[in-house]
>>> print(open('final-v7.txt').read())   # compact mmCIF, N, CA and C atoms
# COMPACT_ATOMS: atom_id res chain seq x y z
N MET A 1 18.64 5.98 14.55
CA MET A 1 18.70 6.60 13.24
C MET A 1 17.45 7.44 13.06
N GLU A 2 17.59 8.66 12.63
CA GLU A 2 16.46 9.55 12.48
C GLU A 2 15.72 9.28 11.19
N GLN A 3 14.40 9.46 11.23
CA GLN A 3 13.58 9.22 10.06
C GLN A 3 13.91 10.18 8.93
N GLU A 4 14.25 11.43 9.24
CA GLU A 4 14.49 12.41 8.20
C GLU A 4 15.70 12.04 7.35
N ASN A 5 16.68 11.34 7.93
CA ASN A 5 17.90 11.02 7.22
C ASN A 5 17.91 9.61 6.65
N SER A 6 16.81 8.89 6.79
CA SER A 6 16.82 7.51 6.33
C SER A 6 16.86 7.45 4.80
N LEU A 7 17.56 6.44 4.31
CA LEU A 7 17.73 6.28 2.87
C LEU A 7 16.59 5.51 2.24
N VAL A 8 15.93 4.67 3.03
CA VAL A 8 14.85 3.85 2.52
C VAL A 8 13.58 4.29 3.23
N ALA A 9 12.52 4.46 2.47
CA ALA A 9 11.26 4.91 3.05
C ALA A 9 10.73 3.87 4.02
N ASN A 10 10.05 4.34 5.01
CA ASN A 10 9.47 3.46 6.01
C ASN A 10 8.02 3.20 5.63
N PRO A 11 7.68 1.99 5.17
CA PRO A 11 6.31 1.73 4.74
C PRO A 11 5.33 1.68 5.89
N SER A 12 5.81 1.63 7.14
CA SER A 12 4.90 1.55 8.27
C SER A 12 4.41 2.92 8.70
N THR A 13 4.95 4.00 8.12
CA THR A 13 4.48 5.34 8.45
C THR A 13 3.86 5.96 7.23
N GLN A 14 2.90 6.84 7.46
CA GLN A 14 2.24 7.52 6.36
C GLN A 14 3.13 8.63 5.84
N SER A 15 3.25 8.72 4.55
CA SER A 15 4.02 9.79 3.93
C SER A 15 3.06 10.90 3.53
N SER A 16 3.49 12.13 3.71
CA SER A 16 2.60 13.25 3.40
C SER A 16 2.49 13.49 1.90
N ASN A 17 3.44 12.98 1.11
CA ASN A 17 3.39 13.27 -0.32
C ASN A 17 2.81 12.13 -1.14
N THR A 18 2.28 11.11 -0.51
CA THR A 18 1.68 10.01 -1.26
C THR A 18 0.20 10.27 -1.45
N GLN A 19 -0.34 9.75 -2.51
CA GLN A 19 -1.74 9.92 -2.79
C GLN A 19 -2.53 8.83 -2.09
N GLN A 20 -3.46 9.23 -1.26
CA GLN A 20 -4.34 8.29 -0.61
C GLN A 20 -5.55 8.09 -1.50
N PRO A 21 -6.12 6.87 -1.47
CA PRO A 21 -7.31 6.67 -2.28
C PRO A 21 -8.42 7.61 -1.83
N THR A 22 -9.00 8.30 -2.75
CA THR A 22 -10.04 9.25 -2.40
C THR A 22 -11.37 8.54 -2.30
N SER A 23 -12.30 9.18 -1.63
CA SER A 23 -13.61 8.58 -1.50
C SER A 23 -14.42 8.74 -2.78
N THR A 24 -13.91 9.52 -3.73
CA THR A 24 -14.64 9.72 -4.97
C THR A 24 -14.80 8.42 -5.74
N SER A 25 -13.71 7.68 -5.90
CA SER A 25 -13.82 6.42 -6.65
C SER A 25 -14.68 5.42 -5.91
N ALA A 26 -14.61 5.43 -4.57
CA ALA A 26 -15.46 4.53 -3.79
C ALA A 26 -16.93 4.93 -3.91
N SER A 27 -17.18 6.23 -3.93
CA SER A 27 -18.56 6.71 -4.08
C SER A 27 -19.11 6.33 -5.44
N ILE A 28 -18.28 6.46 -6.45
CA ILE A 28 -18.71 6.09 -7.80
C ILE A 28 -19.02 4.60 -7.88
N ALA A 29 -18.15 3.79 -7.27
CA ALA A 29 -18.37 2.34 -7.28
C ALA A 29 -19.67 1.99 -6.55
N GLY A 30 -19.88 2.61 -5.40
CA GLY A 30 -21.10 2.34 -4.64
C GLY A 30 -22.34 2.81 -5.36
N ALA A 31 -22.29 4.03 -5.89
CA ALA A 31 -23.45 4.56 -6.60
C ALA A 31 -23.74 3.75 -7.85
N GLY A 32 -22.69 3.37 -8.54
CA GLY A 32 -22.88 2.56 -9.75
C GLY A 32 -23.49 1.21 -9.44
N GLY A 33 -23.01 0.59 -8.37
CA GLY A 33 -23.56 -0.72 -8.00
C GLY A 33 -25.00 -0.64 -7.56
N GLY A 34 -25.34 0.39 -6.76
CA GLY A 34 -26.72 0.56 -6.32
C GLY A 34 -27.65 0.89 -7.47
N THR A 35 -27.17 1.75 -8.37
CA THR A 35 -27.97 2.12 -9.54
C THR A 35 -28.21 0.91 -10.44
N LEU A 36 -27.18 0.12 -10.62
CA LEU A 36 -27.32 -1.08 -11.44
C LEU A 36 -28.35 -2.04 -10.84
N LEU A 37 -28.34 -2.17 -9.52
CA LEU A 37 -29.29 -3.05 -8.86
C LEU A 37 -30.73 -2.54 -9.05
N VAL A 38 -30.93 -1.23 -8.94
CA VAL A 38 -32.26 -0.66 -9.15
C VAL A 38 -32.70 -0.85 -10.60
N LEU A 39 -31.78 -0.64 -11.54
CA LEU A 39 -32.13 -0.83 -12.96
C LEU A 39 -32.50 -2.28 -13.25
N LEU A 40 -31.76 -3.19 -12.67
CA LEU A 40 -32.09 -4.61 -12.86
C LEU A 40 -33.45 -4.92 -12.25
N ALA A 41 -33.72 -4.38 -11.08
CA ALA A 41 -35.01 -4.63 -10.43
C ALA A 41 -36.15 -4.05 -11.27
N ASN A 42 -35.93 -2.85 -11.84
CA ASN A 42 -36.99 -2.24 -12.65
C ASN A 42 -37.26 -3.01 -13.93
N ASN A 43 -36.30 -3.77 -14.41
CA ASN A 43 -36.50 -4.55 -15.62
C ASN A 43 -37.17 -5.90 -15.35
N LEU A 44 -37.33 -6.23 -14.10
CA LEU A 44 -38.01 -7.47 -13.75
C LEU A 44 -39.52 -7.26 -13.85
N PRO A 45 -40.25 -8.33 -14.12
CA PRO A 45 -41.73 -8.18 -14.17
C PRO A 45 -42.27 -7.83 -12.78
N ASP A 46 -43.39 -7.12 -12.75
CA ASP A 46 -43.98 -6.69 -11.48
C ASP A 46 -44.38 -7.88 -10.61
N ALA A 47 -44.65 -8.99 -11.21
CA ALA A 47 -45.07 -10.16 -10.44
C ALA A 47 -43.89 -10.86 -9.77
N TYR A 48 -42.68 -10.49 -10.10
CA TYR A 48 -41.49 -11.13 -9.51
C TYR A 48 -41.43 -10.78 -8.03
N PRO A 49 -41.36 -11.78 -7.15
CA PRO A 49 -41.48 -11.51 -5.70
C PRO A 49 -40.33 -10.71 -5.10
N LEU A 50 -39.13 -10.77 -5.65
CA LEU A 50 -37.98 -10.08 -5.06
C LEU A 50 -37.76 -8.68 -5.61
N LYS A 51 -38.59 -8.24 -6.55
CA LYS A 51 -38.38 -6.94 -7.18
C LYS A 51 -38.37 -5.80 -6.17
N SER A 52 -39.35 -5.75 -5.30
CA SER A 52 -39.41 -4.66 -4.32
C SER A 52 -38.25 -4.74 -3.34
N TRP A 53 -37.82 -5.95 -3.01
CA TRP A 53 -36.69 -6.10 -2.08
C TRP A 53 -35.39 -5.63 -2.71
N LEU A 54 -35.21 -5.87 -3.98
CA LEU A 54 -34.00 -5.39 -4.66
C LEU A 54 -33.93 -3.87 -4.64
N VAL A 55 -35.05 -3.21 -4.82
CA VAL A 55 -35.08 -1.75 -4.78
C VAL A 55 -34.81 -1.27 -3.35
N ILE A 56 -35.33 -1.97 -2.37
CA ILE A 56 -35.15 -1.57 -0.97
C ILE A 56 -33.70 -1.72 -0.52
N VAL A 57 -33.03 -2.80 -0.95
CA VAL A 57 -31.65 -3.04 -0.48
C VAL A 57 -30.61 -2.31 -1.32
N ALA A 58 -31.01 -1.65 -2.39
CA ALA A 58 -30.05 -0.96 -3.26
C ALA A 58 -29.19 0.06 -2.51
N PRO A 59 -29.75 0.90 -1.63
CA PRO A 59 -28.88 1.84 -0.89
C PRO A 59 -27.85 1.12 -0.01
N SER A 60 -28.25 0.04 0.62
CA SER A 60 -27.31 -0.73 1.45
C SER A 60 -26.21 -1.34 0.59
N VAL A 61 -26.60 -1.82 -0.57
CA VAL A 61 -25.61 -2.39 -1.49
C VAL A 61 -24.62 -1.30 -1.92
N SER A 62 -25.11 -0.09 -2.14
CA SER A 62 -24.23 1.02 -2.51
C SER A 62 -23.20 1.28 -1.41
N ILE A 63 -23.64 1.29 -0.18
CA ILE A 63 -22.73 1.55 0.95
C ILE A 63 -21.70 0.43 1.08
N VAL A 64 -22.15 -0.80 0.98
CA VAL A 64 -21.23 -1.95 1.10
C VAL A 64 -20.21 -1.94 -0.03
N LEU A 65 -20.65 -1.68 -1.25
CA LEU A 65 -19.72 -1.61 -2.38
C LEU A 65 -18.72 -0.48 -2.21
N SER A 66 -19.17 0.65 -1.70
CA SER A 66 -18.28 1.78 -1.46
C SER A 66 -17.20 1.42 -0.44
N LEU A 67 -17.60 0.82 0.67
CA LEU A 67 -16.64 0.41 1.70
C LEU A 67 -15.68 -0.66 1.18
N PHE A 68 -16.22 -1.60 0.42
CA PHE A 68 -15.38 -2.65 -0.15
C PHE A 68 -14.35 -2.05 -1.11
N TRP A 69 -14.77 -1.11 -1.93
CA TRP A 69 -13.86 -0.46 -2.88
C TRP A 69 -12.74 0.28 -2.14
N LYS A 70 -13.10 1.01 -1.08
CA LYS A 70 -12.09 1.72 -0.28
C LYS A 70 -11.09 0.74 0.30
N PHE A 71 -11.59 -0.36 0.86
CA PHE A 71 -10.71 -1.36 1.47
C PHE A 71 -9.75 -1.94 0.45
N ILE A 72 -10.27 -2.34 -0.69
CA ILE A 72 -9.43 -2.94 -1.74
C ILE A 72 -8.42 -1.91 -2.25
N SER A 73 -8.84 -0.66 -2.43
CA SER A 73 -7.92 0.38 -2.92
C SER A 73 -6.77 0.60 -1.95
N ARG A 74 -7.09 0.69 -0.67
CA ARG A 74 -6.04 0.91 0.33
C ARG A 74 -5.07 -0.25 0.38
N LYS A 75 -5.60 -1.46 0.38
CA LYS A 75 -4.74 -2.64 0.45
C LYS A 75 -3.85 -2.75 -0.78
N SER A 76 -4.41 -2.51 -1.95
CA SER A 76 -3.60 -2.63 -3.17
C SER A 76 -2.56 -1.51 -3.24
N ASN A 77 -2.92 -0.30 -2.83
CA ASN A 77 -1.94 0.79 -2.83
C ASN A 77 -0.80 0.51 -1.86
N ALA A 78 -1.13 0.00 -0.68
CA ALA A 78 -0.09 -0.34 0.31
C ALA A 78 0.82 -1.45 -0.23
N TYR A 79 0.23 -2.44 -0.88
CA TYR A 79 1.00 -3.55 -1.43
C TYR A 79 1.99 -3.05 -2.48
N PHE A 80 1.50 -2.23 -3.40
CA PHE A 80 2.37 -1.75 -4.47
C PHE A 80 3.43 -0.77 -3.95
N LYS A 81 3.11 -0.02 -2.90
CA LYS A 81 4.09 0.87 -2.31
C LYS A 81 5.24 0.06 -1.70
N VAL A 82 4.90 -1.01 -0.98
CA VAL A 82 5.93 -1.86 -0.37
C VAL A 82 6.78 -2.51 -1.45
N LYS A 83 6.16 -2.98 -2.52
CA LYS A 83 6.91 -3.60 -3.61
C LYS A 83 7.86 -2.60 -4.27
N LYS A 84 7.41 -1.36 -4.44
CA LYS A 84 8.25 -0.33 -5.04
C LYS A 84 9.44 -0.03 -4.13
N ILE A 85 9.20 0.04 -2.84
CA ILE A 85 10.28 0.28 -1.89
C ILE A 85 11.28 -0.86 -1.92
N GLU A 86 10.79 -2.10 -1.96
CA GLU A 86 11.69 -3.26 -2.01
C GLU A 86 12.55 -3.25 -3.27
N ARG A 87 11.93 -2.93 -4.42
CA ARG A 87 12.70 -2.86 -5.67
C ARG A 87 13.75 -1.77 -5.61
N SER A 88 13.37 -0.62 -5.08
CA SER A 88 14.31 0.50 -4.98
C SER A 88 15.47 0.17 -4.05
N LYS A 89 15.16 -0.48 -2.94
CA LYS A 89 16.21 -0.87 -1.99
C LYS A 89 17.17 -1.86 -2.64
N LYS A 90 16.62 -2.83 -3.33
CA LYS A 90 17.46 -3.84 -3.99
C LYS A 90 18.36 -3.19 -5.04
N LEU A 91 17.80 -2.30 -5.83
CA LEU A 91 18.57 -1.59 -6.86
C LEU A 91 19.66 -0.74 -6.23
N LEU A 92 19.33 -0.04 -5.16
CA LEU A 92 20.32 0.80 -4.48
C LEU A 92 21.47 -0.04 -3.92
N LEU A 93 21.14 -1.16 -3.29
CA LEU A 93 22.19 -2.02 -2.75
C LEU A 93 23.07 -2.59 -3.86
N GLN A 94 22.46 -2.96 -4.99
CA GLN A 94 23.24 -3.46 -6.13
C GLN A 94 24.17 -2.39 -6.67
N LYS A 95 23.67 -1.17 -6.77
CA LYS A 95 24.51 -0.08 -7.28
C LYS A 95 25.68 0.19 -6.33
N ILE A 96 25.43 0.14 -5.03
CA ILE A 96 26.50 0.35 -4.06
C ILE A 96 27.52 -0.78 -4.16
N GLU A 97 27.04 -2.03 -4.26
CA GLU A 97 27.94 -3.18 -4.40
C GLU A 97 28.80 -3.05 -5.65
N ASN A 98 28.17 -2.66 -6.76
CA ASN A 98 28.93 -2.48 -8.02
C ASN A 98 29.98 -1.39 -7.88
N ALA A 99 29.62 -0.31 -7.23
CA ALA A 99 30.57 0.79 -7.05
C ALA A 99 31.74 0.35 -6.17
N LEU A 100 31.46 -0.46 -5.17
CA LEU A 100 32.53 -0.94 -4.28
C LEU A 100 33.44 -1.94 -5.00
N GLN A 101 32.85 -2.76 -5.87
CA GLN A 101 33.63 -3.78 -6.57
C GLN A 101 34.45 -3.21 -7.73
N ASN A 102 34.00 -2.11 -8.31
CA ASN A 102 34.71 -1.52 -9.45
C ASN A 102 36.09 -1.01 -9.08
N GLY A 103 36.23 -0.56 -7.86
CA GLY A 103 37.53 -0.07 -7.43
C GLY A 103 37.89 1.29 -7.99
N ILE A 104 36.95 1.99 -8.56
CA ILE A 104 37.25 3.31 -9.13
C ILE A 104 36.92 4.44 -8.16
N ILE A 105 36.50 4.07 -6.96
CA ILE A 105 36.18 5.10 -5.97
C ILE A 105 37.25 5.10 -4.88
N SER A 106 37.39 6.22 -4.23
CA SER A 106 38.42 6.35 -3.19
C SER A 106 38.02 5.57 -1.94
N GLU A 107 38.98 5.42 -1.04
CA GLU A 107 38.72 4.72 0.21
C GLU A 107 37.67 5.47 1.04
N LYS A 108 37.75 6.79 1.00
CA LYS A 108 36.80 7.60 1.75
C LYS A 108 35.38 7.41 1.20
N GLU A 109 35.26 7.40 -0.12
CA GLU A 109 33.95 7.18 -0.74
C GLU A 109 33.46 5.76 -0.48
N ALA A 110 34.37 4.79 -0.50
CA ALA A 110 33.98 3.41 -0.21
C ALA A 110 33.47 3.28 1.23
N ALA A 111 34.13 3.95 2.15
CA ALA A 111 33.69 3.92 3.55
C ALA A 111 32.31 4.55 3.68
N MET A 112 32.08 5.63 2.93
CA MET A 112 30.78 6.29 2.98
C MET A 112 29.69 5.36 2.42
N LEU A 113 29.98 4.66 1.32
CA LEU A 113 29.00 3.74 0.73
C LEU A 113 28.73 2.56 1.66
N LYS A 114 29.76 2.05 2.32
CA LYS A 114 29.56 0.95 3.27
C LYS A 114 28.69 1.41 4.44
N LYS A 115 28.89 2.65 4.86
CA LYS A 115 28.07 3.21 5.93
C LYS A 115 26.61 3.30 5.48
N LYS A 116 26.40 3.71 4.22
CA LYS A 116 25.04 3.79 3.70
C LYS A 116 24.39 2.42 3.63
N MET A 117 25.18 1.41 3.25
CA MET A 117 24.65 0.05 3.21
C MET A 117 24.20 -0.39 4.60
N ARG A 118 25.01 -0.09 5.60
CA ARG A 118 24.64 -0.45 6.98
C ARG A 118 23.36 0.28 7.39
N GLU A 119 23.27 1.57 7.03
CA GLU A 119 22.08 2.35 7.37
C GLU A 119 20.83 1.76 6.70
N ILE A 120 20.96 1.34 5.46
CA ILE A 120 19.83 0.75 4.74
C ILE A 120 19.38 -0.54 5.43
N GLU A 121 20.33 -1.38 5.78
CA GLU A 121 19.98 -2.64 6.45
C GLU A 121 19.36 -2.38 7.82
N LEU A 122 19.93 -1.44 8.57
CA LEU A 122 19.36 -1.11 9.88
C LEU A 122 17.95 -0.54 9.74
N GLN A 123 17.74 0.28 8.73
CA GLN A 123 16.41 0.83 8.50
C GLN A 123 15.43 -0.28 8.13
N SER A 124 15.87 -1.24 7.34
CA SER A 124 15.00 -2.36 6.97
C SER A 124 14.62 -3.18 8.20
N ILE A 125 15.59 -3.39 9.07
CA ILE A 125 15.32 -4.13 10.31
C ILE A 125 14.35 -3.33 11.18
N ASP A 126 14.56 -2.04 11.26
CA ASP A 126 13.68 -1.18 12.05
C ASP A 126 12.27 -1.19 11.48
N ASN A 127 12.14 -1.13 10.16
CA ASN A 127 10.82 -1.16 9.52
C ASN A 127 10.10 -2.47 9.83
N LEU A 128 10.82 -3.58 9.74
CA LEU A 128 10.22 -4.87 10.03
C LEU A 128 9.80 -4.97 11.49
N ALA A 129 10.63 -4.46 12.39
CA ALA A 129 10.28 -4.47 13.81
C ALA A 129 9.03 -3.63 14.06
N ASN A 130 8.94 -2.47 13.42
CA ASN A 130 7.74 -1.63 13.56
C ASN A 130 6.51 -2.32 13.00
N LYS A 131 6.68 -3.03 11.91
CA LYS A 131 5.56 -3.75 11.31
C LYS A 131 5.07 -4.84 12.25
N ILE A 132 5.99 -5.54 12.88
CA ILE A 132 5.61 -6.59 13.83
C ILE A 132 4.91 -5.99 15.04
N LYS A 133 5.41 -4.85 15.52
CA LYS A 133 4.79 -4.19 16.67
C LYS A 133 3.39 -3.71 16.34
N SER A 134 3.14 -3.35 15.11
CA SER A 134 1.84 -2.80 14.74
C SER A 134 0.77 -3.88 14.54
N ILE A 135 1.17 -5.14 14.53
CA ILE A 135 0.19 -6.21 14.36
C ILE A 135 -0.63 -6.32 15.64
N ASP A 136 -1.92 -6.28 15.47
CA ASP A 136 -2.83 -6.36 16.61
C ASP A 136 -3.29 -7.79 16.76
N PHE A 137 -2.85 -8.43 17.82
CA PHE A 137 -3.25 -9.81 18.07
C PHE A 137 -4.54 -9.81 18.87
N GLU A 138 -5.53 -10.47 18.33
CA GLU A 138 -6.82 -10.57 19.04
C GLU A 138 -6.74 -11.72 20.03
N GLU A 139 -7.26 -11.46 21.21
CA GLU A 139 -7.24 -12.50 22.24
C GLU A 139 -8.62 -12.93 22.58
>>> encode(input="final-v7.txt", output="structure tokens")
Amino acid sequence: MEQENSLVANPSTQSSNTQQPTSTSASIAGAGGGTLLVLLANNLPDAYPLKSWLVIVAPSVSIVLSLFWKFISRKSNAYFKVKKIERSKKLLLQKIENALQNGIISEKEAAMLKKKMREIELQSIDNLANKIKSIDFEE
């Protein structure tokens, strides 16, 4: 089955029309976290032994927060994309089932809808197989 004709999106491939998390929000999160750490350090008394260390590690904290934000954004976007696809697939299958049960469609249309149902299921199986293949097992 060709990808261009598939009825259900393949979550294992990148779509060109989806919005990827930009580095802007990650940069803001990192800069905000580093700035907050510096501000907190500056509000500490000069005699506090960790004050200079907090200022020194602030850039590293900014980088770590930025990377963490990117990771969380990508994972949450992927999760919600898969959930949206699952809901759409379920709704589509229900609509096809209802149309087949109503009996108001012709035999030719019923055959076409049954073919679409098979295509949807085959695409789901293919997506799951691709997902399993993409898992990297560490040895």
>>> select_by_dssp(input="final-v7.txt", residues="chain A", states="helix (DSSP H, G or I)", output="PyMOL selection string")
chain A and resi 3-5+23-42+51-102+107-134
>>> atom_distance(input="final-v7.txt", atom1="CA of Ile85 (chain A)", atom2="CA of Asn127 (chain A)")
11.5 Å
>>> closest_residue(input="final-v7.txt", among="A:Ala99, A:Asn42, A:Ile135, A:Arg74", to="Lys114 (chain A)", atoms="only C-alpha atoms")
A:Ala99
>>> atom_distance(input="final-v7.txt", atom1="CA of Ser60 (chain A)", atom2="atom N of Ser73 (chain A)")
18.9 Å
>>> atom_distance(input="final-v7.txt", atom1="CA of Ala29 (chain A)", atom2="CA of Lys70 (chain A)")
9.4 Å
>>> residues_around(input="final-v7.txt", residues="Gly34 (chain A)", least_positions_apart="5", cutoff="7 Å", atoms="only N, CA and C atoms", output="list in words")
Ala29, Leu39, Val57, Ala58, Pro59, Val61, Ser62 and Ile63 of chain A
>>> write_last_selection(input="final-v7.txt", atoms="N, CA and C atoms", output="tab-separated table (two decimals), keeping the file's coordinate frame")
chain	number	residue	atom	x	y	z
A	29	ALA	N	-18.15	3.79	-7.27
A	29	ALA	CA	-18.37	2.34	-7.28
A	29	ALA	C	-19.67	1.99	-6.55
A	39	LEU	N	-31.78	-0.64	-11.54
A	39	LEU	CA	-32.13	-0.83	-12.96
A	39	LEU	C	-32.50	-2.28	-13.25
A	57	VAL	N	-33.03	-2.80	-0.95
A	57	VAL	CA	-31.65	-3.04	-0.48
A	57	VAL	C	-30.61	-2.31	-1.32
A	58	ALA	N	-31.01	-1.65	-2.39
A	58	ALA	CA	-30.05	-0.96	-3.26
A	58	ALA	C	-29.19	0.06	-2.51
A	59	PRO	N	-29.75	0.90	-1.63
A	59	PRO	CA	-28.88	1.84	-0.89
A	59	PRO	C	-27.85	1.12	-0.01
A	61	VAL	N	-26.60	-1.82	-0.57
A	61	VAL	CA	-25.61	-2.39	-1.49
A	61	VAL	C	-24.62	-1.30	-1.92
A	62	SER	N	-25.11	-0.09	-2.14
A	62	SER	CA	-24.23	1.02	-2.51
A	62	SER	C	-23.20	1.28	-1.41
A	63	ILE	N	-23.64	1.29	-0.18
A	63	ILE	CA	-22.73	1.55	0.95
A	63	ILE	C	-21.70	0.43	1.08
